[in-house]
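Source file: structure_0.txt. Holds: compact mmCIF, C-alpha atoms and all ligand atoms.
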```
# COMPACT_ATOMS: atom_id res chain seq x y z
CA MET A 1 -35.38 1.69 3.21
CA PRO A 2 -32.63 0.78 5.72
CA ARG A 3 -29.12 0.63 4.26
CA PRO A 4 -27.72 -2.91 3.90
CA GLN A 5 -25.37 -3.68 6.78
CA ARG A 6 -21.74 -3.95 5.67
CA PRO A 7 -19.77 -7.01 6.77
CA THR A 8 -18.03 -6.74 10.13
CA THR A 9 -14.54 -8.04 10.79
CA THR A 10 -12.14 -8.00 13.73
CA LEU A 11 -8.90 -6.05 13.39
CA VAL A 12 -5.96 -6.94 15.66
CA VAL A 13 -3.11 -4.48 16.10
CA GLU A 14 0.12 -6.02 14.85
CA SER A 15 2.40 -2.98 15.19
CA THR A 16 2.40 0.81 15.29
CA GLU A 17 4.73 3.37 13.76
CA GLN A 18 4.94 7.13 14.34
CA LEU A 19 5.11 8.39 10.74
CA THR A 20 5.26 12.09 11.69
CA PRO A 21 4.45 14.12 14.82
CA GLY A 22 0.86 14.21 13.54
CA MET A 23 0.26 10.70 12.31
CA VAL A 24 0.53 7.17 13.62
CA ARG A 25 0.35 4.15 11.32
CA VAL A 26 -1.35 1.07 12.73
CA ARG A 27 -0.82 -2.25 10.98
CA PHE A 28 -3.64 -4.71 11.60
CA THR A 29 -4.13 -8.39 10.99
CA SER A 30 -7.60 -9.84 10.48
CA PRO A 31 -9.01 -13.36 10.28
CA ASP A 32 -11.22 -12.35 7.35
CA LEU A 33 -10.76 -9.48 4.92
CA SER A 34 -12.80 -11.14 2.16
CA ALA A 35 -15.10 -8.09 2.05
CA PHE A 36 -12.16 -6.22 0.46
CA ALA A 37 -11.73 -8.75 -2.37
CA GLU A 38 -13.83 -6.80 -4.88
CA SER A 39 -12.84 -3.32 -3.67
CA THR A 40 -11.02 -1.18 -6.23
CA ASP A 41 -11.72 2.30 -4.81
CA THR A 42 -8.55 4.05 -3.65
CA ASP A 43 -10.56 5.97 -1.02
CA ARG A 44 -11.89 2.74 0.50
CA TYR A 45 -12.85 3.29 4.12
CA VAL A 46 -14.06 1.34 7.12
CA LYS A 47 -16.28 2.19 10.05
CA LEU A 48 -14.27 1.41 13.18
CA VAL A 49 -16.33 0.47 16.23
CA PHE A 50 -14.90 1.47 19.63
CA ASP A 51 -16.41 -0.18 22.72
CA ARG A 52 -16.61 2.36 25.50
CA ALA A 53 -18.04 2.21 29.00
CA ASP A 54 -20.97 4.37 27.81
CA GLY A 55 -21.63 2.42 24.60
CA GLN A 56 -20.22 1.99 21.10
CA VAL A 57 -18.67 4.85 19.14
CA VAL A 58 -18.12 4.67 15.38
CA ARG A 59 -15.33 6.48 13.49
CA THR A 60 -14.52 6.47 9.75
CA TYR A 61 -11.00 5.72 8.45
CA THR A 62 -9.30 5.03 5.12
CA ALA A 63 -8.15 1.42 4.79
CA LEU A 64 -4.76 1.20 3.07
CA GLU A 65 -3.21 -1.74 1.22
CA PRO A 66 -5.71 -4.40 2.22
CA ASP A 67 -4.19 -7.81 1.49
CA VAL A 68 -6.97 -10.37 1.56
CA ALA A 69 -4.66 -13.40 1.30
CA ALA A 70 -2.26 -12.21 4.00
CA GLY A 71 -5.08 -10.82 6.16
CA THR A 72 -3.40 -7.44 6.67
CA VAL A 73 -4.52 -3.82 6.37
CA ILE A 74 -3.06 -0.45 7.39
CA ILE A 75 -4.74 2.64 8.83
CA ASP A 76 -2.94 6.00 9.22
CA PHE A 77 -4.52 7.96 12.09
CA VAL A 78 -4.15 11.70 12.58
CA VAL A 79 -3.08 12.29 16.18
CA HIS A 80 -4.91 15.52 16.99
CA GLY A 81 -4.55 15.71 20.78
CA THR A 82 -6.36 14.15 23.70
CA GLU A 83 -9.90 14.98 22.55
CA GLY A 84 -11.99 12.35 20.82
CA VAL A 85 -11.93 8.58 20.58
CA ALA A 86 -10.04 7.26 17.56
CA GLY A 87 -7.08 9.67 17.55
CA PRO A 88 -6.25 9.11 21.24
CA TRP A 89 -6.86 5.34 20.82
CA ALA A 90 -4.33 5.17 17.97
CA ALA A 91 -1.75 7.21 19.90
CA GLN A 92 -1.76 4.52 22.59
CA ALA A 93 -2.48 1.39 20.53
CA LYS A 94 -0.33 -1.64 21.21
CA PRO A 95 0.04 -5.10 19.64
CA GLY A 96 -2.92 -7.33 20.48
CA ASP A 97 -5.48 -4.51 20.85
CA THR A 98 -8.65 -5.21 18.84
CA LEU A 99 -11.36 -3.24 17.06
CA SER A 100 -14.39 -4.16 14.98
CA ALA A 101 -14.54 -2.73 11.48
CA ARG A 102 -17.48 -2.50 9.08
CA GLY A 103 -16.92 -2.05 5.39
CA PRO A 104 -15.38 -1.24 3.10
CA GLY A 105 -17.17 1.70 1.50
CA GLY A 106 -15.69 4.01 -1.10
CA GLY A 107 -16.46 5.90 -4.27
CA TYR A 108 -13.33 7.06 -6.07
CA ALA A 109 -10.39 5.74 -8.00
CA PRO A 110 -8.40 8.01 -10.33
CA ASP A 111 -9.78 7.88 -13.87
CA PRO A 112 -6.87 6.87 -16.14
CA THR A 113 -8.60 8.56 -19.10
CA ALA A 114 -8.62 12.02 -17.47
CA ASP A 115 -6.22 14.59 -19.00
CA TRP A 116 -4.99 15.62 -15.56
CA HIS A 117 -5.59 15.07 -11.87
CA LEU A 118 -6.13 17.36 -8.90
CA LEU A 119 -5.70 15.81 -5.45
CA ALA A 120 -6.07 18.06 -2.43
CA GLY A 121 -6.65 17.63 1.28
CA ASP A 122 -5.29 17.78 4.78
CA GLN A 123 -3.78 15.11 7.00
CA ALA A 124 -7.12 13.26 7.30
CA GLY A 125 -7.31 13.08 3.51
CA LEU A 126 -3.65 12.21 3.13
CA PRO A 127 -4.06 8.42 3.40
CA ALA A 128 -6.62 8.43 0.56
CA ILE A 129 -4.41 10.77 -1.49
CA ARG A 130 -1.47 8.43 -0.84
CA ALA A 131 -3.48 5.50 -2.24
CA ALA A 132 -4.66 7.51 -5.26
CA LEU A 133 -1.14 8.70 -6.14
CA ALA A 134 0.14 5.12 -5.98
CA ALA A 135 -2.65 3.98 -8.33
CA LEU A 136 -2.12 6.65 -11.00
CA PRO A 137 -0.57 5.58 -14.31
CA ALA A 138 3.12 6.52 -14.67
CA GLU A 139 2.31 9.14 -17.35
CA ALA A 140 -0.35 10.94 -15.23
CA VAL A 141 0.02 14.69 -14.76
CA GLY A 142 -1.48 17.23 -12.40
CA TYR A 143 -1.23 18.46 -8.82
CA ALA A 144 -1.30 17.05 -5.30
CA VAL A 145 -1.71 19.68 -2.59
CA ILE A 146 -1.52 18.58 1.04
CA ASP A 147 -2.18 20.78 4.04
CA VAL A 148 0.16 20.00 6.96
CA PRO A 149 1.40 22.33 9.73
CA SER A 150 5.13 22.21 8.89
CA ALA A 151 7.92 20.28 7.18
CA GLU A 152 8.13 17.70 10.00
CA PHE A 153 4.73 16.43 8.83
CA HIS A 154 5.81 15.59 5.28
CA GLN A 155 5.70 11.93 4.22
CA ASP A 156 7.31 9.94 1.44
CA LEU A 157 4.70 9.33 -1.24
CA VAL A 158 4.98 7.19 -4.36
CA LYS A 159 3.71 9.25 -7.31
CA PRO A 160 4.14 9.78 -11.04
CA ASP A 161 6.81 12.36 -11.96
CA GLY A 162 4.17 14.48 -13.72
CA ILE A 163 2.21 15.08 -10.51
CA GLU A 164 3.53 18.24 -8.83
CA LEU A 165 3.36 17.70 -5.07
CA SER A 166 3.03 20.70 -2.72
CA TRP A 167 3.11 20.48 1.08
CA LEU A 168 1.48 23.62 2.41
CA ASP A 169 3.30 23.99 5.75
CA GLY A 170 0.56 26.22 7.14
CA ALA A 171 -0.44 28.01 3.91
CA ASP A 172 -4.16 28.17 3.12
CA LEU A 173 -5.52 25.14 1.26
CA VAL A 174 -8.33 27.00 -0.49
CA GLU A 175 -6.10 29.84 -1.68
CA THR A 176 -3.42 27.40 -2.83
CA VAL A 177 -5.87 25.35 -4.88
CA ARG A 178 -7.36 28.49 -6.41
CA ALA A 179 -3.87 29.71 -7.37
CA LEU A 180 -2.84 26.51 -9.20
CA PRO A 181 -2.32 27.12 -12.93
CA TRP A 182 -5.38 25.61 -14.61
CA ARG A 183 -4.41 22.98 -17.18
CA GLU A 184 -6.02 22.12 -20.50
CA GLY A 185 -8.42 19.20 -20.82
CA ARG A 186 -10.57 17.14 -18.47
CA VAL A 187 -9.56 17.07 -14.84
CA HIS A 188 -10.50 14.36 -12.34
CA ALA A 189 -10.50 15.87 -8.85
CA PHE A 190 -10.29 14.32 -5.39
CA VAL A 191 -10.61 16.82 -2.53
CA HIS A 192 -11.20 15.73 1.09
CA GLY A 193 -10.33 17.25 4.44
CA GLU A 194 -11.67 19.75 6.95
CA ALA A 195 -15.28 20.36 5.94
CA GLU A 196 -15.52 24.14 5.97
CA SER A 197 -12.52 24.67 3.70
CA VAL A 198 -13.46 21.79 1.40
CA MET A 199 -17.22 22.29 1.10
CA HIS A 200 -17.45 26.07 1.35
CA GLY A 201 -14.03 26.98 -0.05
CA ILE A 202 -12.95 24.54 -2.77
CA ARG A 203 -16.25 23.01 -3.85
CA PRO A 204 -17.80 26.25 -5.20
CA TYR A 205 -14.51 27.02 -6.95
CA LEU A 206 -14.49 23.68 -8.80
CA LEU A 207 -18.20 23.21 -9.46
CA LYS A 208 -19.33 26.82 -10.04
CA GLU A 209 -16.32 28.86 -11.11
CA ARG A 210 -14.54 26.11 -13.07
CA GLU A 211 -17.85 24.43 -13.99
CA LEU A 212 -16.54 20.89 -13.59
CA PRO A 213 -19.12 18.15 -14.10
CA ARG A 214 -20.21 16.74 -10.73
CA ALA A 215 -19.12 13.24 -11.84
CA ASP A 216 -15.51 14.42 -12.26
CA VAL A 217 -15.23 15.69 -8.69
CA SER A 218 -14.98 13.56 -5.55
CA ILE A 219 -15.31 16.08 -2.74
CA SER A 220 -16.43 15.92 0.89
CA GLY A 221 -15.55 16.98 4.41
CA TYR A 222 -13.79 14.29 6.42
CA TRP A 223 -14.10 16.15 9.74
CA ARG A 224 -15.10 19.56 11.10
CA VAL A 225 -13.23 21.80 13.53
CA GLY A 226 -14.91 21.73 16.95
CA ARG A 227 -17.21 18.79 16.14
CA THR A 228 -17.02 15.12 16.98
CA GLU A 229 -17.90 12.69 14.19
CA GLU A 230 -21.44 12.51 15.65
CA THR A 231 -22.05 16.26 15.62
CA PHE A 232 -20.27 16.53 12.26
CA ARG A 233 -22.88 14.14 10.83
CA GLU A 234 -25.52 16.71 11.90
CA TRP A 235 -23.51 19.46 10.13
CA LYS A 236 -23.53 17.37 6.93
CA ARG A 237 -27.25 16.68 7.23
CA GLU A 238 -28.00 20.39 7.70
CA LEU A 239 -25.82 21.28 4.70
CA ALA A 240 -27.60 18.71 2.51
CA GLU A 241 -31.02 19.95 3.66
CA SER A 242 -30.17 23.62 3.05
CA GLU A 243 -28.87 22.80 -0.42
CA GLY A 244 -31.93 20.67 -1.15
CA ALA A 245 -34.13 23.60 -0.09
CA GLY A 246 -32.08 25.92 -2.31
CA ARG A 247 -32.78 23.72 -5.36
CA ARG A 248 -36.54 23.63 -4.81
C1 LIG B 301 -14.37 8.61 4.35
C2 LIG B 301 -13.46 9.14 5.47
C3 LIG B 301 -12.16 8.70 5.56
C4 LIG B 301 -11.31 9.18 6.57
N1 LIG B 301 -10.03 8.73 6.65
C5 LIG B 301 -9.22 9.15 7.66
C6 LIG B 301 -7.89 8.63 7.79
O1 LIG B 301 -7.46 7.74 7.03
N2 LIG B 301 -7.12 9.10 8.80
C7 LIG B 301 -7.61 10.05 9.69
O2 LIG B 301 -6.86 10.42 10.61
N3 LIG B 301 -8.85 10.56 9.59
C8 LIG B 301 -9.68 10.12 8.61
N4 LIG B 301 -10.95 10.59 8.52
C9 LIG B 301 -11.37 11.62 9.48
C10 LIG B 301 -11.80 11.02 10.84
O3 LIG B 301 -12.91 10.17 10.67
C11 LIG B 301 -12.19 12.20 11.79
O4 LIG B 301 -11.07 13.04 11.96
C12 LIG B 301 -12.75 11.75 13.13
O5 LIG B 301 -13.53 12.81 13.63
C13 LIG B 301 -11.69 11.37 14.14
O6 LIG B 301 -12.33 10.85 15.29
P1 LIG B 301 -11.80 11.12 16.77
O7 LIG B 301 -12.56 10.18 17.65
O8 LIG B 301 -10.32 11.09 16.81
O9 LIG B 301 -12.27 12.62 17.08
P2 LIG B 301 -13.78 13.12 17.33
O10 LIG B 301 -14.33 12.56 18.59
O11 LIG B 301 -14.59 12.89 16.10
O12 LIG B 301 -13.55 14.70 17.52
C14 LIG B 301 -12.99 15.22 18.74
C15 LIG B 301 -12.35 16.59 18.45
O13 LIG B 301 -11.21 16.41 17.61
C16 LIG B 301 -11.29 17.23 16.45
N5 LIG B 301 -10.75 16.50 15.29
C17 LIG B 301 -11.27 15.41 14.69
N6 LIG B 301 -10.50 15.03 13.65
C18 LIG B 301 -9.48 15.91 13.59
C19 LIG B 301 -8.37 16.06 12.73
N7 LIG B 301 -8.14 15.23 11.68
N8 LIG B 301 -7.51 17.07 12.95
C20 LIG B 301 -7.71 17.95 13.98
N9 LIG B 301 -8.76 17.86 14.85
C21 LIG B 301 -9.63 16.85 14.65
C22 LIG B 301 -12.80 17.50 16.27
O14 LIG B 301 -13.05 18.71 15.59
C23 LIG B 301 -13.29 17.55 17.70
O15 LIG B 301 -13.11 18.84 18.25
C24 LIG B 301 -11.82 10.13 7.52
C25 LIG B 301 -13.16 10.56 7.43
C26 LIG B 301 -13.96 10.07 6.41
C27 LIG B 301 -15.40 10.56 6.33
```

So that I can check it, write out the structure of this file as structure tokens.
Amino acid sequence: MPRPQRPTTTLVVESTEQLTPGMVRVRFTSPDLSAFAESTDTDRYVKLVFDRADGQVVRTYTALEPDVAAGTVIIDFVVHGTEGVAGPWAAQAKPGDTLSARGPGGGYAPDPTADWHLLAGDQAGLPAIRAALAALPAEAVGYAVIDVPSAEFHQDLVKPDGIELSWLDGADLVETVRALPWREGRVHAFVHGEAESVMHGIRPYLLKERELPRADVSISGYWRVGRTEETFREWKRELAESEGAGRR
């Protein structure tokens, strides 16, 4: 059965801000963000539609702080060079530029009843980790581990005191997560970033070695080295098929 089409809205660039050498924040206004009214997921994302000479290209981005009444929403784009569509678009965006956006989708918000939280990812996952940290109750405890190249890429994040935040500055994300002291009780985990390290490095650690219930782990690749979002979708399909075959 075809998936129901998500509502489409127009986003208009209001302003841009270089947060770090690797990330640009784009503030958008929109005539209608009513589709966000019911959305409580902290990883809420939109499908941005870019009109190009050779057709439309779709890219997926976390939508931060949607304000339905004010008609404003923020997207933090990783600037990863001149390759691709969305990253280079954001690096050059200026007030008045427009995009179409479909959504939101989403599937995670931190469970306030968990004993502790594990949030891990790279710069692509950082916006969703930012939103999750801001939504945690003040007494929450656990770890946030964020893979960035160096100290210039750190950002100010609002978080509970009991969440220990580590910026990796080039250290290995998988090894760092594996080396975290394991805490007592039920963990709720949110792990998103480069697909190989997340799906083949951290996922088996959490699901197989630590035996976490699938429902307590939100984990997926957000992008894949050397692949556009289109060819990354093929990578995900092949992974799902090979795992389906393994279960048969
Ligand atoms: C649910 C979800 C939420 C996401 N939220 C965000 C977000 O808030 N902010 C964000 O920046 N990204 C986010 N991403 C990741 C983003 O969709 C991808 O990085 C996307 O591929 C970028 O599109 P592009 O047109 O810039 O590059 P593409 O055309 O897709 O790729 C071109 C080249 O750039 C490389 N590349 C792509 N992304 C990166 C990267 N992050 N770092 C280094 N190289 C890269 C590719 O490997 C490829 O070689 C999210 C992804 C998902 C699935």

Padding 6 Å on every side, please: axis-aligned box over the listed atoms of segment 6-9 of chain A, centre and edge lengths to one decimal in Å, as AutoDock Vina command-line options.
```
--center_x -18.1 --center_y -6.0 --center_z 8.2 --size_x 19.2 --size_y 16.1 --size_z 17.1
```

- Counting all atoms listed in the file, the option among A:Leu133, A:Val78, A:Leu19, A:Ala179 closest to ligand LIG 301 (chain B): A:Val78

- Query: If we count all atoms listed in the file, what is near Val46 of chain A at a cut-off of 7 Å, once residues fewer than 6 positions away on the same chain are taken out, given as a list in words?
  - Reply: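 Once the adjacent positions are removed, what remains is Thr60, Tyr61, Thr62, Ala63, Ala101, Arg102, Gly103, Pro104 and Gly105 of chain A.
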
For those residues, write C-alpha atoms to a file as a CSV table (one decimal), keeping the file's coordinate frame.
```csv
chain,number,residue,atom,x,y,z
A,60,THR,CA,-14.5,6.5,9.8
A,61,TYR,CA,-11.0,5.7,8.4
A,62,THR,CA,-9.3,5.0,5.1
A,63,ALA,CA,-8.2,1.4,4.8
A,101,ALA,CA,-14.5,-2.7,11.5
A,102,ARG,CA,-17.5,-2.5,9.1
A,103,GLY,CA,-16.9,-2.0,5.4
A,104,PRO,CA,-15.4,-1.2,3.1
A,105,GLY,CA,-17.2,1.7,1.5
```

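With only C-alpha atoms and all ligand atoms as the atoms that count, the residue of A:Glu229, A:Asp41, A:Asp32, A:Glu164 with the shortest distance to ligand LIG 301 (chain B) is A:Glu229.
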
- Query: atom CA of Pro127 of chain A to atom CA of Pro160 of chain A: how many Å, to one decimal?
  - Reply: 16.7 Å

- Measure the distance from atom CA of Asp161 of chain A to atom CA of Arg44 of chain A in Å and round it to one decimal.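 Computed distance, atom CA of Asp161 of chain A to atom CA of Arg44 of chain A, equals 24.4 Å.
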
- Which residues come within 8 Å of Phe190 of chain A, counting only C-alpha atoms, excluding same-chain residues fewer than 6 positions away, as a PyMOL selection string? chain A and resi 108+118-120+129+217-219

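Closest approach to Val174 of chain A among A:Glu196, A:Glu211, A:Asp67, A:Glu17: A:Glu196, based on only C-alpha atoms.
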
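For the pair atom O8 of ligand LIG 301 (chain B) and atom CA of Ala132 of chain A, the separation is 23.1 Å.
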
- For Thr8 of chain A, which residue out of A:His117, A:Lys47, A:Arg27, A:Arg224 is the nearest one, using all atoms listed in the file? A:Lys47

- Item | Nearest candidate to ligand LIG 301 (chain B) (options A:Gln155, A:Ser242, A:Ser150, A:Thr42; using all atoms listed in the file) | A:Thr42

- Task: Taking (-14.9, 13.7, -10.9) in the file's own coordinates, collect the residues within 12 Å, counting all atoms listed in the file, and hand them back as a ChimeraX atom specification.
- Result: /A:107-119,186-191,203,206-207,211-219

- With distances taken over only C-alpha atoms and all ligand atoms, which of A:Gln56, A:Thr29, A:Thr72, A:Thr176 is nearest to ligand LIG 301 (chain B)?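 Ranked by minimum distance to ligand LIG 301 (chain B), first place goes to A:Gln56.
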
- Query: Which polymer residues have any atom within 12 Å of an atom of His80 of chain A, counting only C-alpha atoms, with same-chain residues fewer than 3 positions away left out, as an MDAnalysis selection string?
  - Reply: chainID A and resid 20:24 77 83:91 123:124 149 223 225:226

Could the residues in this selection be saved with C-alpha atoms as a PDB file, in the frame of the given file?
```
ATOM      1  CA  THR A  20       5.260  12.090  11.690  1.00  0.00           C
ATOM      2  CA  PRO A  21       4.450  14.120  14.820  1.00  0.00           C
ATOM      3  CA  GLY A  22       0.860  14.210  13.540  1.00  0.00           C
ATOM      4  CA  MET A  23       0.260  10.700  12.310  1.00  0.00           C
ATOM      5  CA  VAL A  24       0.530   7.170  13.620  1.00  0.00           C
ATOM      6  CA  PHE A  77      -4.520   7.960  12.090  1.00  0.00           C
ATOM      7  CA  GLU A  83      -9.900  14.980  22.550  1.00  0.00           C
ATOM      8  CA  GLY A  84     -11.990  12.350  20.820  1.00  0.00           C
ATOM      9  CA  VAL A  85     -11.930   8.580  20.580  1.00  0.00           C
ATOM     10  CA  ALA A  86     -10.040   7.260  17.560  1.00  0.00           C
ATOM     11  CA  GLY A  87      -7.080   9.670  17.550  1.00  0.00           C
ATOM     12  CA  PRO A  88      -6.250   9.110  21.240  1.00  0.00           C
ATOM     13  CA  TRP A  89      -6.860   5.340  20.820  1.00  0.00           C
ATOM     14  CA  ALA A  90      -4.330   5.170  17.970  1.00  0.00           C
ATOM     15  CA  ALA A  91      -1.750   7.210  19.900  1.00  0.00           C
ATOM     16  CA  GLN A 123      -3.780  15.110   7.000  1.00  0.00           C
ATOM     17  CA  ALA A 124      -7.120  13.260   7.300  1.00  0.00           C
ATOM     18  CA  PRO A 149       1.400  22.330   9.730  1.00  0.00           C
ATOM     19  CA  TRP A 223     -14.100  16.150   9.740  1.00  0.00           C
ATOM     20  CA  VAL A 225     -13.230  21.800  13.530  1.00  0.00           C
ATOM     21  CA  GLY A 226     -14.910  21.730  16.950  1.00  0.00           C
TER      22      GLY A 226
END
```
